[in-house]
Structures are given as C-alpha cells and as structure tokens.
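Participant: Got a structure for you, questions after.
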Amino acid sequence: MILYGLYRSIIGKLPDKFFARPITPQVYETEDVIRRMLESGSTITRSDIIAVYHDMRKTIQNILQEGGRVNLNGFCQFFPVIKGVFEDEFDSFDSSRHSLDISSRVSAEFKLAFQDVKLEKTEVKPNLPNLKAFLDLKTGEKNSIISSNSIAALKGSNLKFDPFQVDEGLFLQNMQDKHYIPINLLSRNTESELNFFCPPEITEGVPYRLELRNRIRMSKDLKKTRSLYELIGAA
C-alpha cells in the first residue's frame with residue numbers, strides 16, 4: 001500500500017486545484033535492501049550480494065564513460081546526457097557553459113508490478129517554519145541575548161524568504177511597546193540558516209521576539225512564525 005497526500009497547485013492553468021504526492025516516510029538504504037533479500041529466502045550470501053552490487057555499479061560506470069548506454073532488461077536504463085545551450089553548429093562543449101550528466105529511466109516492464117498497488121489517502125501535516133536556535137555571535141549566547149550592531153545566526157528549517165516580496169522578511173518585535181523592527185541586512189538566506197546584522201534600534205534590557213514572514217516552497221499563503229523564546233537586548 002502506498003500513502004499519498006493532496007497539495008494545492010500554485011502554477012499552471014489550474015492554480016486552485018490539487019495534485020497528489022506519494023508519502024514515503026521510510027527510506028531503504030543498500031543494507032536494508034540486502035537484508036530484505038536475505039529474509040525472503042535468497043540462497044546467496046550477503047557478501048555475494050555486496051560483491052555483485054559493487055561489480056555491477058563499476059561496470060555500468062565504465063560502459064557509460066566509454067560512451068555506451070546500459071539497459072538492464074526489466075529494470076532500468078542508464079545513459080549520458082549533455083546539458084546547456086550551444087550557440088550554433090560550430091560551437092563545442094565548454095565546461096563553463098555545459099555539463100555532462102547521467103540519467104536513468106525505469107523500464108515499462110518494471111512499472112507493470114505497480115498497476116494493482118493499493119493507494120490510501122492520508123492527511124498532510126503542514127510544513128511550517130521552525131525558528132529553532134538563535135545565536136548571538138558577539139556573546140556566544142543561545143536563545144537568550146541579542147546584541148545591537150552585531151552579527152547573529154538563526155537556525156532551523158523552512159527559514160528562507162523572498163527579500164523582493166514586501167510582505168516577507170525577518171522582524172524583531174519589542175515586547176514592551178509591540179513595535180516591529182525589520183532586519184534588512186542579511187549575509188545568508190537559506191532554508192536552514194539566516195545570518196544577519198542586528199539593528200542599532202535594539203535597546204538594552206528590553207525583551208524581543210523574532211517573527212519570520214515567508215511563503216514555503218512557492219505557496220501563496222504567507223506564514224507568520226514567532227520564536228518561542230524571548231531575547232533580551234544588549235549593547
């Protein structure tokens with residue numbers, strides 16, 4: 001059985017419709033697959049499986065490096081592809097503009113085994129930002145102090161925002177007068193970390209909370225997420 005969830009479409013001709021995405025909470029690594037093979041009654045040993053696996057991988061790599069294409073009947077194909085745009089018919093491969101990649105395609109025969117697999121719809125949990133840890137680099141304090149005119153780091157997940165969207169950004173709220181201070185100078189803006197310059201308006205001894213306003217993975221819905229911890233202003 002395969003679980004799936006529905007997600008709102010935000011692109012294309014049907015922006016208000018939904019699309020399905022399989023939910024695969026468990027990832028099976030090479031060792032897990034080998035263990036399943038042995039549990040199913042395979043007559044060969046674990047060492048034999050590992051040896052064949054490594055030999056096959058190396059052989060496929062060698063064939064592709066020689067310009068060949070590999071077709072594992074009933075399983076998949078491996079083949080080289082070249083990415084990039086060529087200016088005209090006289091242009092040649094240039095590593096600064098083009099790249100060699102390896103692609104694969106699952107065979108139609110392999111896909112036949114999934115025609116009768118049962119599908120079950122499940123509720124999708126919202127993927128929200130997590131302002132996990134604030135580090136004041138001036139003092140080294142975590143989730144407690146925020147120093148004015150200094151560098152700080154915010155770590156977590158789904159933190160990235162679009163600085164060109166006027167309603168997105170990172171803000172600092174003064175918990176005494178409820179005034180918001182925008183944080184405009186960032187040196188890193190990624191899903192897992194924001195690095196920024198703490199504004200000079202921070203007042204010593206005043207409690208603050210961080211508020212992140214962003215849209216996750218091109219969603220149309222603006223998320224507002226506040227830190228669970230208070231930060232005390234420091235000079």
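Each chain in the structure tokens gets a letter, A, B, ..., in the order shown, and its residues are numbered from 1; ligands are numbered from 1 in order too.
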Could you give me, as a VMD selection string, the residues within 12 Å of Gln165 of chain A, counting only C-alpha atoms and dropping anything in the same chain fewer than 3 positions from it?
Facilitator: chain A and resid 161 to 162 168 to 170 213 to 215 218 220 222
Participant: Please identify all polymer residues within 12 Å of Leu72 of chain A, counting only C-alpha atoms, omitting same-chain residues fewer than 3 positions from it, and present them as a compact mmCIF listing (two decimals) with N, CA and C atoms, in the first residue's frame.
Facilitator:
# COMPACT_ATOMS: atom_id res chain seq x y z
N MET A 56 28.71 -4.60 -10.47
CA MET A 56 27.76 -4.09 -11.47
C MET A 56 27.84 -2.57 -11.55
N ARG A 57 27.91 -1.90 -10.42
CA ARG A 57 27.98 -0.44 -10.42
C ARG A 57 29.23 0.03 -11.16
N ILE A 60 28.87 -0.63 -14.97
CA ILE A 60 27.97 0.34 -15.60
C ILE A 60 28.66 1.69 -15.76
N ARG A 69 25.43 2.93 -23.58
CA ARG A 69 24.14 3.04 -22.90
C ARG A 69 23.84 1.67 -22.30
N PHE A 75 14.33 -3.67 -15.70
CA PHE A 75 14.67 -2.85 -14.54
C PHE A 75 14.77 -1.37 -14.93
N CYS A 76 15.88 -0.99 -15.53
CA CYS A 76 16.04 0.41 -15.91
C CYS A 76 17.16 0.57 -16.93
N GLN A 77 17.24 1.78 -17.48
CA GLN A 77 18.30 2.15 -18.42
C GLN A 77 19.14 3.27 -17.82
N PHE A 78 20.42 3.28 -18.16
CA PHE A 78 21.33 4.36 -17.79
C PHE A 78 21.92 4.93 -19.07
N PHE A 79 21.99 6.25 -19.18
CA PHE A 79 22.53 6.85 -20.40
C PHE A 79 23.07 8.25 -20.10
N SER A 104 18.63 8.22 -15.92
CA SER A 104 18.12 6.85 -15.90
C SER A 104 16.62 6.87 -16.18
N ARG A 105 16.12 5.73 -16.63
CA ARG A 105 14.70 5.60 -16.93
C ARG A 105 14.23 4.21 -16.53
N VAL A 106 13.20 4.16 -15.70
CA VAL A 106 12.65 2.87 -15.27
C VAL A 106 11.92 2.22 -16.44
N SER A 107 12.11 0.91 -16.60
CA SER A 107 11.51 0.20 -17.74
C SER A 107 10.01 0.03 -17.55
N ALA A 108 9.31 -0.09 -18.67
CA ALA A 108 7.86 -0.30 -18.65
C ALA A 108 7.51 -1.62 -17.96
N GLU A 109 8.35 -2.62 -18.15
CA GLU A 109 8.11 -3.93 -17.53
C GLU A 109 8.17 -3.83 -16.01
N PHE A 110 9.12 -3.04 -15.50
CA PHE A 110 9.24 -2.86 -14.05
C PHE A 110 7.99 -2.19 -13.49
Participant: Between A:Asn62, A:Gln115, A:Asn158, A:Ser103, single out the one closest to Ser192 of chain A, counting only C-alpha atoms.
Facilitator: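 The shortest atom-to-atom distance to Ser192 of chain A comes from A:Asn158.
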Participant: So that I can check the surroundings of Phe19 of chain A, please list as a PyMOL selection string every protein, DNA and RNA residue that reaches within 9 Å of it, counting only C-alpha atoms and ignoring chain neighbours fewer than 6 positions away.
Facilitator: chain A and resi 5-9
Participant: Using only C-alpha atoms, find the one residue out of A:Asp91, A:Asp116, A:Asp167, A:Glu123 that sits nearest to Leu212 of chain A.
Facilitator: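 Nearest to Leu212 of chain A: A:Asp167.
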Participant: Skipping near chain neighbours, those fewer than 3 positions away, what residues fall within 9 Å of Lys118 of chain A using only C-alpha atoms, listed as a PyMOL selection string?
Facilitator: chain A and resi 1-3+114-115
Participant: As number ranges by chain, please: the residues near Glu201 of chain A (cut-off 8 Å, only C-alpha atoms, same-chain neighbours under 2 positions excluded).
Facilitator: A: 148, 181, 199, 203
Participant: Looking at only C-alpha atoms, which of A:Asp221, A:Phe90, A:Glu66, A:Ile34 is the one that sits closest to Asp48 of chain A?
Facilitator: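 Of A:Asp221, A:Phe90, A:Glu66, A:Ile34, the one nearest Asp48 of chain A, counting only C-alpha atoms, is A:Ile34.
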Participant: Please provide the set of residues having any atom within 12 Å of Asp177 of chain A, restricted to only C-alpha atoms, with same-chain residues fewer than 5 positions apart removed, written as an MDAnalysis selection string.
Facilitator: chainID A and resid 172 203 206:208
Participant: Take the selection from the previous step and output its residues with N, CA and C atoms, as a short mmCIF file (atom, residue, chain, number, x, y, z; two decimals), in the first residue's frame.
Facilitator:
data_model
loop_
_atom_site.label_atom_id
_atom_site.label_comp_id
_atom_site.auth_asym_id
_atom_site.auth_seq_id
_atom_site.Cartn_x
_atom_site.Cartn_y
_atom_site.Cartn_z
N LEU A 172 11.95 41.86 14.29
CA LEU A 172 12.20 41.78 15.72
C LEU A 172 11.13 42.62 16.41
N THR A 203 17.31 47.93 22.22
CA THR A 203 17.53 48.62 23.49
C THR A 203 17.96 47.63 24.57
N VAL A 206 15.59 45.27 27.16
CA VAL A 206 14.23 45.11 26.64
C VAL A 206 14.06 43.72 26.03
N PRO A 207 12.94 43.04 26.30
CA PRO A 207 12.72 41.72 25.69
C PRO A 207 12.21 41.84 24.25
N TYR A 208 12.69 40.92 23.40
CA TYR A 208 12.29 40.90 21.99
C TYR A 208 11.92 39.47 21.59
#
Participant: Which is closest to Leu228 of chain A among A:Leu131, A:Ile202, A:Leu159, A:Leu137, if we use only C-alpha atoms?
Facilitator: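 Closest to Leu228 of chain A, using only C-alpha atoms: A:Leu131.
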Participant: Just give me the gap between atom CA of Leu64 of chain A and atom CA of Glu29 of chain A in Å, one decimal is fine.
Facilitator: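 Value for the atom CA of Leu64 of chain A-atom CA of Glu29 of chain A distance: 23.9 Å.
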Participant: Mind pulling up the distance from atom CA of Val27 of chain A to atom CA of Ile63 of chain A?
Facilitator: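 Separation between atom CA of Ile63 of chain A and atom CA of Val27 of chain A: 28.7 Å.
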Participant: How many Å separate atom CA of Leu119 of chain A from atom CA of Ser42 of chain A?
Facilitator: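 For atom CA of Leu119 of chain A relative to atom CA of Ser42 of chain A, the distance reads 28.8 Å.
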Participant: Per DSSP on the backbone, what are the alpha helix (DSSP H) residues of segment 91-233 of chain A, as an MDAnalysis selection string?
Facilitator: chainID A and resid 108:111
